[in-house]
Amino acid sequence: MKAYGVNELRQMFLDFFASKGHLARGSYSLVPHNDKSVLLIPAGMAPLKPYFTGQEIPPNRRMATCQKCVRTGDIENVGRTARHLTFFEMLGNFSFGDYFKHEAIAWSWEFLTQVVGLDPQRLYPSVYLDDDEAFDIWKKEIGIAPERIVRFGKEDNFWEHGAGPCGPCSEIYYDRGEKYGCGKPGCTVGCDCDRYMEIWNNVFTQFNGDGHGGYEELANKNIDTGMGLERLAVVVQDVAAVFDIDTFRALIDEICGIAHVSYETDPEKDISIRVITDHIRSVTFMVSDGIMPSNEGRGYVLRRLLRRAARHGRLLGIRGKFLTRMADKVIDTCRDGYPELEEKRALIRSVLSEEEDKFNRTIDQGLEILSEYEEALRSEGKTVLAGADAFRLYDTYGFPLDLTREILAEKQLGVDEEGFAAAMQEQRQKARAARKGTNYMGQDVTVYEQIDPALTTAFVGYDNMSASSGILVLTTDQKLVQALAEGDEGTILTAETHFYATMGGQLCDTGVITAADGSSFTVRETLKLPGGKIGHKGVVTAGMFRTGETVTLTIDKERRRATARNHSATHLLQKALREILGSHVEQAGSYVDSERLRFDFSHFSALTAEEISRAEDLVNEQILAALPVTAQEMSLEEARKTGAMALFGEKYGDVVRVVRMGGFSTELCGGTHVSNTSMIGCFKIVSEAGVAAGVRRIEALTGKGLLDYYAAKEKSLNRLAALAKTTPDQLEHRLHQLQEEVKTLTAENESLKARIAGASMGDLSGKVQTVGSVRLLCTRAEGLDMNGLRGMSDKLRDQLGDLVLVLASEQDGKVNLIVSAGEGCLKAGAHAGNLIRAIAPAVGGGGGGRPNMAQAGGKDPSGIDKAFALAKDTLSAQVKA
């Protein structure tokens, strides 16, 4: 048997099933499409759910894929064992109501024995306990001896996930030999050791389960096959574990070279090496699919994996950044099967570099916060860090619990791990509660699921704004109907439409549908429905509509033209940003309607005024250049060769539409556009801001929307000039005058308040107390804000010398607190930051600061005297007697 590499095995599988009439295609995105039940694609069949349920018609009733998958349920075990991974590739062949058990079993055997070359005598099939049909196929058609066919129960060999399609399984195990076994006399298929490895799982989806143990036979039975590519490589390459296969060893060699360590010489270092090797694969593929680091959802998963890898780099002794170098190695080893990795290399490197910088900053901040926690523990006479504080370090600063535990243990301190676990569980429950109830597809249940999957709508609206077509389906919100009468709200589906449905960031068309008898239906929204259908949702304003009749569809032309101007400007903007900021800029989302455009893109800092101006100028140059806008359909592979930009997370078919704007911009896009850039008129960026970590947002206007914007600005300018009692052209000069007047009056007012407060306080020397070896003064200074309190603190320390000063001021029903400590007091053990943390809760607030100066705010003035009393007790515990 030849020791095929991972990339070879992937292509061999796809080629084999293509020869059996399957449509072999590349992996779908890791981002689920119209599926709220999962954050990331966890299995090969997940993107194909609509085909299994019959909700959509598959492009071929036989398909084969190699799907990239991410699962993080066992993330804490990754690295600690040689089995667990977060990222893996799942080979799968699928039948949607076509072939069934006979072909699926025969082809799995043929591929493993004749194509890959595995020894048939080392292969052992398993079947579900009651599946005599599969048992007979293995015995009579494949020729496997009965004693080598294993029957397993429902827990092992019956696939189901709540309610929905389900069925028995037939797995294939490979005997790797005694060297991988446990040595026990009863070691056989099903043993927990590594000798008998499951490499293939045929799922025979032949039932529909109700989720309560009831099953109905499906009219159209399906095949869902799963085979881990990495597992197959372990068998073929005859290595001990997945971390020893060729693509993993390349990554391990790279990290060992960076860290100047060796693999399999130190168990603790091996854990870090495996963590980095696995996690860098996950994060590289996740970023290539448009996932950006954040503190929620998919972005949180990405950030956690990134920081875990970076932290294990530190444990290996790596002090500089290294993740981009590792990502380059992932791209180099995997780009043959995943060309998008090479296309997104600049973005991947940029995101990883920025996030690694952030982690290096936050881990240092975390160490500082942990140091403050340690001081607080000692001052309070405690030895165990609260679980909530440990979780804050983990959640905010990326501090894993074991790192916190290790650092505290060095100083004879502990951590409340149960409290940490409780805080973690609370966060998980909040995340689960945020998910909506969904069906098997992970979608909200709607009336549209009742429509015949075979019905489709052809979009013919790129060049036409009015057309006729026959009504295929009428619905209310609850059911399919034969007619809609005046006043009824519902949805009309026609065989053809030129109404563009909301998708790809472009808002839908609106308009009217009319019949020959004068009936009229106002289209308020156009919906993209599963299975290539387009729905016109609205209300009947006159007459009645019936299924089968021919109607005329007319869109709102001005709305379409304005939306097209904004959409075309978005394409120009993306290209302009890539030229000005760099090739790491990728679209992270967009929204265009008739009034404005919004464009989200990957970038890690706010745009400067100069960069915004350059982007505006470059877009307007292309508008003035009157570039022709053309659209052409071609295969996805041909489109990639043209350099066309693709949208992250979009589910493209085999044929795509490429929109070109002269020689300036080329993008994959199914939206509506102007025919020439001059029709956009003009372009203006009105805002730029951050919306997530590494994602910026630009909002802009074109055409009439921009003219309306300038008209509103002119009116506002005139109103402001009138308020300032001047003219628009003199407004700036007048504002400078007013600012100087305000500055002078404010200074006079603050000086007067300080003098009044000082006079009211009188001689404070008699209020100074002695606490241990230091002096303490607690007093009120009414009506001062925080700046006034700081000034008063400086003045009193000049008058009274070295002491600990606690000042409180009530202002507008709230409390301002300041604590300062002189040099001698600091040497005696006083700490202003810890002191104010102790007393601020008495006034219903919180705060902190440095050892010599700290401040806090509160909302309960009645607690000021209590705060003063606490100050004395806290200081007494701090200072030396």
# chains A, B, ... in the order shown; residues from 1 in each chain; ligands from 1
call {"tool": "residues_around", "arguments": {"residues": "Glu264 of chain A", "least_positions_apart": "4", "cutoff": "12 Å", "atoms": "only C-alpha atoms", "output": "JSON list (two decimals) with N, CA and C atoms, in the first residue's frame"}}
result
[["chain", "number", "residue", "atom", "x", "y", "z"],
["A", 82, "ALA", "N", -3.59, 12.99, 21.53],
["A", 82, "ALA", "CA", -3.20, 13.04, 20.11],
["A", 82, "ALA", "C", -4.40, 12.77, 19.22],
["A", 243, "PHE", "N", -1.40, 13.80, 14.41],
["A", 243, "PHE", "CA", -0.32, 14.78, 14.44],
["A", 243, "PHE", "C", 0.96, 14.26, 13.77],
["A", 244, "ASP", "N", 0.92, 13.01, 13.31],
["A", 244, "ASP", "CA", 2.08, 12.44, 12.61],
["A", 244, "ASP", "C", 1.90, 12.38, 11.10],
["A", 252, "ILE", "N", 4.29, 20.99, 12.57],
["A", 252, "ILE", "CA", 5.05, 20.71, 13.79],
["A", 252, "ILE", "C", 6.53, 21.07, 13.59],
["A", 253, "ASP", "N", 7.07, 20.71, 12.43],
["A", 253, "ASP", "CA", 8.47, 21.05, 12.15],
["A", 253, "ASP", "C", 8.66, 22.57, 12.15],
["A", 256, "CYS", "N", 8.48, 23.89, 15.79],
["A", 256, "CYS", "CA", 9.68, 23.47, 16.51],
["A", 256, "CYS", "C", 10.88, 24.31, 16.08],
["A", 268, "GLU", "N", 5.17, 18.18, 28.29],
["A", 268, "GLU", "CA", 4.51, 19.48, 28.44],
["A", 268, "GLU", "C", 4.67, 20.32, 27.18],
["A", 269, "LYS", "N", 5.87, 20.31, 26.61],
["A", 269, "LYS", "CA", 6.08, 21.05, 25.36],
["A", 269, "LYS", "C", 5.28, 20.44, 24.22],
["A", 270, "ASP", "N", 5.12, 19.12, 24.22],
["A", 270, "ASP", "CA", 4.33, 18.45, 23.17],
["A", 270, "ASP", "C", 2.89, 18.94, 23.17],
["A", 271, "ILE", "N", 2.34, 19.19, 24.37],
["A", 271, "ILE", "CA", 0.97, 19.71, 24.44],
["A", 271, "ILE", "C", 0.89, 21.04, 23.71],
["A", 272, "SER", "N", 1.82, 21.94, 23.98],
["A", 272, "SER", "CA", 1.81, 23.25, 23.34],
["A", 272, "SER", "C", 2.01, 23.13, 21.84],
["A", 273, "ILE", "N", 2.89, 22.24, 21.42],
["A", 273, "ILE", "CA", 3.13, 22.05, 19.98],
["A", 273, "ILE", "C", 1.86, 21.57, 19.28],
["A", 274, "ARG", "N", 1.15, 20.63, 19.90],
["A", 274, "ARG", "CA", -0.08, 20.11, 19.28],
["A", 274, "ARG", "C", -1.19, 21.17, 19.28]]
call {"tool": "residues_around", "arguments": {"residues": "Gln478 of chain A", "least_positions_apart": "2", "cutoff": "9 Å", "atoms": "only C-alpha atoms", "output": "PyMOL selection string"}}
result
chain A and resi 446-447+475-476+480
call {"tool": "write_last_selection", "arguments": {"atoms": "all heavy atoms", "output": "PDB file, in the first residue's frame"}}
result
ATOM      1  N   THR A 446     -41.788  28.653   8.480  1.00  0.00           N
ATOM      2  CA  THR A 446     -42.674  29.574   7.763  1.00  0.00           C
ATOM      3  C   THR A 446     -43.592  28.788   6.843  1.00  0.00           C
ATOM      4  O   THR A 446     -43.398  27.594   6.592  1.00  0.00           O
ATOM      5  CB  THR A 446     -41.862  30.564   6.891  1.00  0.00           C
ATOM      6  OG1 THR A 446     -41.226  29.841   5.828  1.00  0.00           O
ATOM      7  CG2 THR A 446     -40.802  31.283   7.721  1.00  0.00           C
ATOM      8  N   VAL A 447     -44.588  29.497   6.294  1.00  0.00           N
ATOM      9  CA  VAL A 447     -45.540  28.882   5.372  1.00  0.00           C
ATOM     10  C   VAL A 447     -44.852  28.438   4.088  1.00  0.00           C
ATOM     11  O   VAL A 447     -45.317  27.515   3.395  1.00  0.00           O
ATOM     12  CB  VAL A 447     -46.683  29.880   5.053  1.00  0.00           C
ATOM     13  CG1 VAL A 447     -46.137  31.095   4.290  1.00  0.00           C
ATOM     14  CG2 VAL A 447     -47.795  29.212   4.263  1.00  0.00           C
ATOM     15  N   THR A 475     -50.013  32.624  -1.070  1.00  0.00           N
ATOM     16  CA  THR A 475     -50.009  32.237   0.346  1.00  0.00           C
ATOM     17  C   THR A 475     -50.501  33.387   1.216  1.00  0.00           C
ATOM     18  O   THR A 475     -50.369  34.564   0.843  1.00  0.00           O
ATOM     19  CB  THR A 475     -48.598  31.848   0.847  1.00  0.00           C
ATOM     20  OG1 THR A 475     -47.894  33.024   1.258  1.00  0.00           O
ATOM     21  CG2 THR A 475     -47.801  31.108  -0.199  1.00  0.00           C
ATOM     22  N   THR A 476     -51.059  33.034   2.368  1.00  0.00           N
ATOM     23  CA  THR A 476     -51.194  33.978   3.469  1.00  0.00           C
ATOM     24  C   THR A 476     -50.005  33.727   4.387  1.00  0.00           C
ATOM     25  O   THR A 476     -49.095  32.960   4.032  1.00  0.00           O
ATOM     26  CB  THR A 476     -52.511  33.744   4.236  1.00  0.00           C
ATOM     27  OG1 THR A 476     -52.460  32.441   4.851  1.00  0.00           O
ATOM     28  CG2 THR A 476     -53.707  33.814   3.288  1.00  0.00           C
ATOM     29  N   LEU A 480     -51.099  27.920   2.207  1.00  0.00           N
ATOM     30  CA  LEU A 480     -51.218  28.100   0.766  1.00  0.00           C
ATOM     31  C   LEU A 480     -52.699  28.250   0.432  1.00  0.00           C
ATOM     32  O   LEU A 480     -53.552  27.560   0.987  1.00  0.00           O
ATOM     33  CB  LEU A 480     -50.646  26.902   0.019  1.00  0.00           C
ATOM     34  CG  LEU A 480     -49.204  26.487   0.345  1.00  0.00           C
ATOM     35  CD1 LEU A 480     -48.747  25.382  -0.603  1.00  0.00           C
ATOM     36  CD2 LEU A 480     -48.254  27.660   0.258  1.00  0.00           C
TER      37      LEU A 480
END
call {"tool": "residues_around", "arguments": {"residues": "Leu393 of chain A", "least_positions_apart": "6", "cutoff": "10 Å", "atoms": "only C-alpha atoms", "output": "count of residues only"}}
result
12
call {"tool": "select_by_dssp", "arguments": {"residues": "segment 550-742 of chain A", "states": "strand (DSSP E or B)", "output": "ChimeraX atom specification"}}
result
/A:550-555,587-592,597-602,628-635,645,655-661,665-668,676,683-692,695-702
call {"tool": "residues_around", "arguments": {"residues": "Gly337 of chain A", "least_positions_apart": "2", "cutoff": "9 Å", "atoms": "only C-alpha atoms", "output": "number ranges by chain"}}
result
A: 7, 10-11, 26-27, 66, 334-335, 339
call {"tool": "write_last_selection", "arguments": {"atoms": "all heavy atoms", "output": "JSON list (two decimals), in the first residue's frame"}}
result
[["chain", "number", "residue", "atom", "x", "y", "z"],
["A", 7, "ASN", "N", -3.29, 15.59, 0.60],
["A", 7, "ASN", "CA", -3.82, 16.23, -0.59],
["A", 7, "ASN", "C", -4.13, 15.22, -1.70],
["A", 7, "ASN", "O", -5.11, 15.38, -2.44],
["A", 7, "ASN", "CB", -2.83, 17.30, -1.10],
["A", 7, "ASN", "CG", -2.73, 18.49, -0.15],
["A", 7, "ASN", "OD1", -3.74, 18.94, 0.39],
["A", 7, "ASN", "ND2", -1.52, 18.96, 0.07],
["A", 10, "ARG", "N", -7.48, 13.36, -0.69],
["A", 10, "ARG", "CA", -8.65, 14.20, -0.91],
["A", 10, "ARG", "C", -9.08, 14.15, -2.38],
["A", 10, "ARG", "O", -10.26, 13.96, -2.71],
["A", 10, "ARG", "CB", -8.35, 15.64, -0.49],
["A", 10, "ARG", "CG", -9.54, 16.59, -0.61],
["A", 10, "ARG", "CD", -9.13, 18.05, -0.46],
["A", 10, "ARG", "NE", -8.44, 18.33, 0.78],
["A", 10, "ARG", "CZ", -7.15, 18.68, 0.85],
["A", 10, "ARG", "NH1", -6.41, 18.76, -0.26],
["A", 10, "ARG", "NH2", -6.59, 18.94, 2.01],
["A", 11, "GLN", "N", -8.11, 14.30, -3.28],
["A", 11, "GLN", "CA", -8.43, 14.32, -4.71],
["A", 11, "GLN", "C", -8.84, 12.94, -5.21],
["A", 11, "GLN", "O", -9.74, 12.82, -6.06],
["A", 11, "GLN", "CB", -7.23, 14.85, -5.50],
["A", 11, "GLN", "CG", -7.57, 15.25, -6.93],
["A", 11, "GLN", "CD", -8.63, 16.33, -6.99],
["A", 11, "GLN", "OE1", -8.54, 17.35, -6.32],
["A", 11, "GLN", "NE2", -9.68, 16.10, -7.79],
["A", 26, "GLY", "N", -15.96, 21.52, -4.28],
["A", 26, "GLY", "CA", -15.13, 21.92, -3.16],
["A", 26, "GLY", "C", -15.95, 22.16, -1.91],
["A", 26, "GLY", "O", -17.19, 22.09, -1.91],
["A", 27, "SER", "N", -15.27, 22.47, -0.84],
["A", 27, "SER", "CA", -15.92, 22.66, 0.45],
["A", 27, "SER", "C", -16.81, 23.89, 0.45],
["A", 27, "SER", "O", -16.52, 24.91, -0.18],
["A", 27, "SER", "CB", -14.87, 22.81, 1.55],
["A", 27, "SER", "OG", -15.46, 23.11, 2.80],
["A", 66, "CYS", "N", -15.48, 17.43, 0.06],
["A", 66, "CYS", "CA", -14.53, 17.37, 1.18],
["A", 66, "CYS", "C", -14.77, 18.65, 1.94],
["A", 66, "CYS", "O", -14.36, 19.73, 1.50],
["A", 66, "CYS", "CB", -13.08, 17.26, 0.69],
["A", 66, "CYS", "SG", -11.92, 17.15, 2.08],
["A", 334, "CYS", "N", -2.05, 23.49, 2.18],
["A", 334, "CYS", "CA", -3.47, 23.20, 1.92],
["A", 334, "CYS", "C", -4.05, 23.91, 0.70],
["A", 334, "CYS", "O", -5.21, 23.68, 0.36],
["A", 334, "CYS", "CB", -4.31, 23.55, 3.15],
["A", 334, "CYS", "SG", -3.90, 22.63, 4.64],
["A", 335, "ARG", "N", -3.27, 24.79, 0.04],
["A", 335, "ARG", "CA", -3.88, 25.61, -1.01],
["A", 335, "ARG", "C", -4.29, 24.81, -2.24],
["A", 335, "ARG", "O", -5.15, 25.26, -3.00],
["A", 335, "ARG", "CB", -2.91, 26.72, -1.41],
["A", 335, "ARG", "CG", -1.58, 26.25, -1.98],
["A", 335, "ARG", "CD", -0.62, 27.40, -2.17],
["A", 335, "ARG", "NE", 0.72, 26.95, -2.50],
["A", 335, "ARG", "CZ", 1.79, 27.73, -2.50],
["A", 335, "ARG", "NH1", 1.67, 29.01, -2.17],
["A", 335, "ARG", "NH2", 2.97, 27.24, -2.80],
["A", 339, "PRO", "N", -8.05, 26.77, -2.77],
["A", 339, "PRO", "CA", -7.38, 27.92, -3.40],
["A", 339, "PRO", "C", -7.73, 29.25, -2.74],
["A", 339, "PRO", "O", -6.98, 30.22, -2.87],
["A", 339, "PRO", "CB", -7.89, 27.87, -4.85],
["A", 339, "PRO", "CG", -9.12, 27.00, -4.82],
["A", 339, "PRO", "CD", -8.91, 26.03, -3.72]]
call {"tool": "atom_distance", "arguments": {"atom1": "atom CA of Leu624 of chain A", "atom2": "atom CA of Thr677 of chain A"}}
result
7.5 Å
call {"tool": "closest_residue", "arguments": {"among": "A:Thr457, A:Ser282, A:Ser520, A:Asn222", "to": "Ile41 of chain A", "atoms": "only C-alpha atoms"}}
result
A:Ser282
call {"tool": "residues_around", "arguments": {"residues": "Glu638 of chain A", "least_positions_apart": "6", "cutoff": "10 Å", "atoms": "only C-alpha atoms", "output": "CSV table (one decimal) with N, CA and C atoms, in the first residue's frame"}}
result
chain,number,residue,atom,x,y,z
A,644,ALA,N,-11.8,38.2,-10.0
A,644,ALA,CA,-13.0,38.8,-9.4
A,644,ALA,C,-13.1,38.6,-7.9
A,655,VAL,N,-22.3,28.4,-11.7
A,655,VAL,CA,-22.3,29.5,-12.6
A,655,VAL,C,-22.5,30.8,-11.9
A,656,VAL,N,-21.6,31.7,-12.1
A,656,VAL,CA,-21.7,33.0,-11.3
A,656,VAL,C,-21.7,34.2,-12.3
A,658,VAL,N,-20.3,37.9,-13.2
A,658,VAL,CA,-19.1,38.8,-12.9
A,658,VAL,C,-19.5,40.1,-13.4
call {"tool": "residues_around", "arguments": {"residues": "Gln114 of chain A", "least_positions_apart": "6", "cutoff": "12 Å", "atoms": "only C-alpha atoms", "output": "PyMOL selection string"}}
result
chain A and resi 1-2+12-13+16+106-108+120
call {"tool": "atom_distance", "arguments": {"atom1": "atom CA of Val384 of chain A", "atom2": "atom CA of Ala421 of chain A"}}
result
15.0 Å
call {"tool": "atom_distance", "arguments": {"atom1": "atom CA of Ala821 of chain A", "atom2": "atom CA of Ala854 of chain A"}}
result
9.2 Å
call {"tool": "closest_residue", "arguments": {"among": "A:Gln412, A:Ser126, A:Thr502, A:Gln237", "to": "Val189 of chain A", "atoms": "only C-alpha atoms"}}
result
A:Ser126
call {"tool": "residues_around", "arguments": {"residues": "Leu129 of chain A", "least_positions_apart": "6", "cutoff": "8 Å", "atoms": "only C-alpha atoms", "output": "JSON, numbers by chain"}}
result
{"A": [151, 152, 153, 154, 157]}
call {"tool": "write_last_selection", "arguments": {"atoms": "C-alpha atoms", "output": "PDB file, in the first residue's frame"}}
result
ATOM      1  CA  ARG A 151     -23.633  -5.651  15.108  1.00  0.00           C
ATOM      2  CA  PHE A 152     -23.893  -2.573  17.370  1.00  0.00           C
ATOM      3  CA  GLY A 153     -26.873  -1.022  19.124  1.00  0.00           C
ATOM      4  CA  LYS A 154     -28.592   2.327  18.718  1.00  0.00           C
ATOM      5  CA  ASN A 157     -24.905   2.622  14.873  1.00  0.00           C
TER       6      ASN A 157
END
call {"tool": "closest_residue", "arguments": {"among": "A:Thr497, A:Arg80, A:Arg640, A:Arg546", "to": "Val481 of chain A", "atoms": "only C-alpha atoms"}}
result
A:Arg546
